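Here is the structure we will look at.
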Amino acid sequence: MRARVIAIAVATAVLATVAVVYTVSAARRAESADMPSAFGLDRGQLYFRSTREGDGTGRVARLPADPSARGAAAMSAEAAPAPDRRTTGGPACERFHAAGGTALCLQRRPGIPPAAYAVVLDGRLREKRRIALTGIPNRARVSASGRMLSWTMFATGDSYATTSFSTRTSILDTRTGYLVKNMEDIPLTLDGRRYHSPDVNYWGVTFARDDNRFYATVSTKGRTYLVEGDMRRWTARTLRENLECPSLSPDNTRLAFKKRVREGARDPWRLYVLDLRTMREHPVAERRSVDDQAAWLDDHTLAYALPGSDGKGSDIWTVAADGGGAPALRVAGGSSPAVVR
């Protein structure tokens, strides 16, 4: 009996020690995540989350947006790796996006249970507002003016390739401070009729230049649709089926998106571009399955993340939006690309 009591006491002490070590380690990582950024938001820079092994992993880094600029590595799929002179030392983020002097950083902190935050940053990447979240960070977008922000969290599941997931998408107006915690309550018109269903999920918001119109994906009954939304009227209507993670071009005339081209979880998507004036779509030259909300580097070039060539992290690739050319590796060891114009 005495031996049993001693064993229980020892086990309790070990568990307590593990909990303390885990908590201290988590606190140190949290403190590291909030260290001041080594740089701010400057025009002509490509910002991204660094996934490269070593110093700066998981933190925002940057390179010149022009691939011909000194230090801005870019190469074709067949070329040997070029020197990567990224500037590291930005905030620690799981997802990142920036525009108009505002940045959005989605963080996930270890703990019991884990914590998540949407952190609004100013032009010097200093924290302006922090919003507590639940779930796994997945999508982040800032409007061109920097006023409107949106993010998507996985509430359950962690992949769009299956049907067993649930999302929670929020929209923040930084000018008024108004926060839509979950846009699932927006009045939806599907195929010309008001639609209600408990399985509705939204994700992948992208904003127009007027900070009022937006596009997003809605899923229901196993199908996905492109929706066009109106912030002032707080309404949304479907425009097209089988369109996910839209990204509006800088000139507001086209949407890049991922389209499901085969069933199942193995290589299900292909990257497409939709002309909003003609509503005609075409695939881009990238034939690999892209599970990302592509970013426009300019009116002609898309950037997106693919699994890393080393089997770890991810790499950022670029491709022409008109369907021509060939994909090119832009950043080895990176994700969440965003160009500050």
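Note on naming: chains are A, B, ... as they come in the structure tokens, residues start from 1 per chain, ligands start from 1 in the order shown.
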Open item on the list: Residues within 9 Å of region 309-324 of chain A, please, as a ChimeraX atom specification. Count only C-alpha atoms; anything in the same chain fewer than 2 positions from it doesn't count.
Closed with: /A:48,50-53,256,272-273,282-286,296-297,299-307,326-337
Open item on the list: Give me, as a ChimeraX atom specification, the residues of region 174-258 of chain A that a backbone DSSP run labels strand (DSSP E or B).
Closed with: /A:179-180,188-190,193-195,201-207,213-220,223-230,235-241,244-248,254-258
Task: Residue nearest His97 (chain A) among A:Ile112, A:Val200, A:Met148, A:Ala140 (counting only C-alpha atoms) - done: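 Checking each candidate against His97 (chain A), we get A:Ala140 as the closest.
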- [ ] Excluding Leu133 (chain A) and residues on its chain fewer than 5 positions from it, collect all residues at most 10 Å away from it, counting only C-alpha atoms, and give them as a count of residues only.
- [x] 12
Open item on the list: Just want the 12 Å neighbourhood of Arg147 (chain A), counted on only C-alpha atoms, with same-chain residues fewer than 5 positions away dropped. Output as a PyMOL selection string.
Closed with: chain A and resi 98-104+120-122+141-142+171-178+207-212
Open item on the list: Using only C-alpha atoms for the distances, tell me which of A:Ser247, A:Ser166, A:Asn201, A:Thr88 is nearest to Tyr215 (chain A).
Closed with: A:Ser247
TODO: Skip Asp230 (chain A) itself and residues of its chain fewer than 3 positions away, then list as number ranges by chain all residues within 8 Å of it, counting only C-alpha atoms.
DONE: A: 212-214, 233-236
Open item on the list: Let me make sure I understand: among A:Leu63, A:Asp298, A:Thr57, A:Ser37, which one has the smallest atom-to-atom distance to Pro91 (chain A) if we use only C-alpha atoms?
Closed with: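 Comparing A:Leu63, A:Asp298, A:Thr57, A:Ser37 against Pro91 (chain A), the winner is A:Ser37.
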Open item on the list: Report, in Å with one decimal, the straight-line distance from CA of Asp191 (chain A) to CA of Tyr225 (chain A).
Closed with: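 Computing it gives 10.3 Å between the two atoms.
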Open item on the list: With only C-alpha atoms as the counted atoms, please give the residues lying no more than 7 Å from Leu190 (chain A), apart from itself and same-chain residues fewer than 4 positions off, as an MDAnalysis selection string.
Closed with: chainID A and resid 194:195 237:238
Written file, previous selection with C-alpha atoms, as a PDB file, in the first residue's frame:
```
ATOM      1  CA  ARG A 194     -33.446  33.547 -49.897  1.00  0.00           C
ATOM      2  CA  TYR A 195     -31.633  30.600 -48.409  1.00  0.00           C
ATOM      3  CA  ARG A 237     -25.829  36.443 -53.241  1.00  0.00           C
ATOM      4  CA  THR A 238     -24.342  33.493 -55.075  1.00  0.00           C
TER       5      THR A 238
END
```
TODO: Find the residue from A:Pro198, A:Ser150, A:Glu127, A:Thr87 that sits nearest to Asn182 (chain A); use only C-alpha atoms when measuring.
DONE: A:Ser150
TODO: For Leu276 (chain A), list every protein, DNA or RNA residue within 12 Å, evaluated using only C-alpha atoms, and leave out those in the same chain fewer than 3 positions away; present the list as a list in words.
DONE: Tyr215, Leu226, Glu228, Leu239, Arg240, Pro246, Ser247, Leu248, Ser249, Asp251, Asn252, Thr253, Arg254, Leu255, Ala256, Val273, Met279, Arg280 and Glu281 of chain A
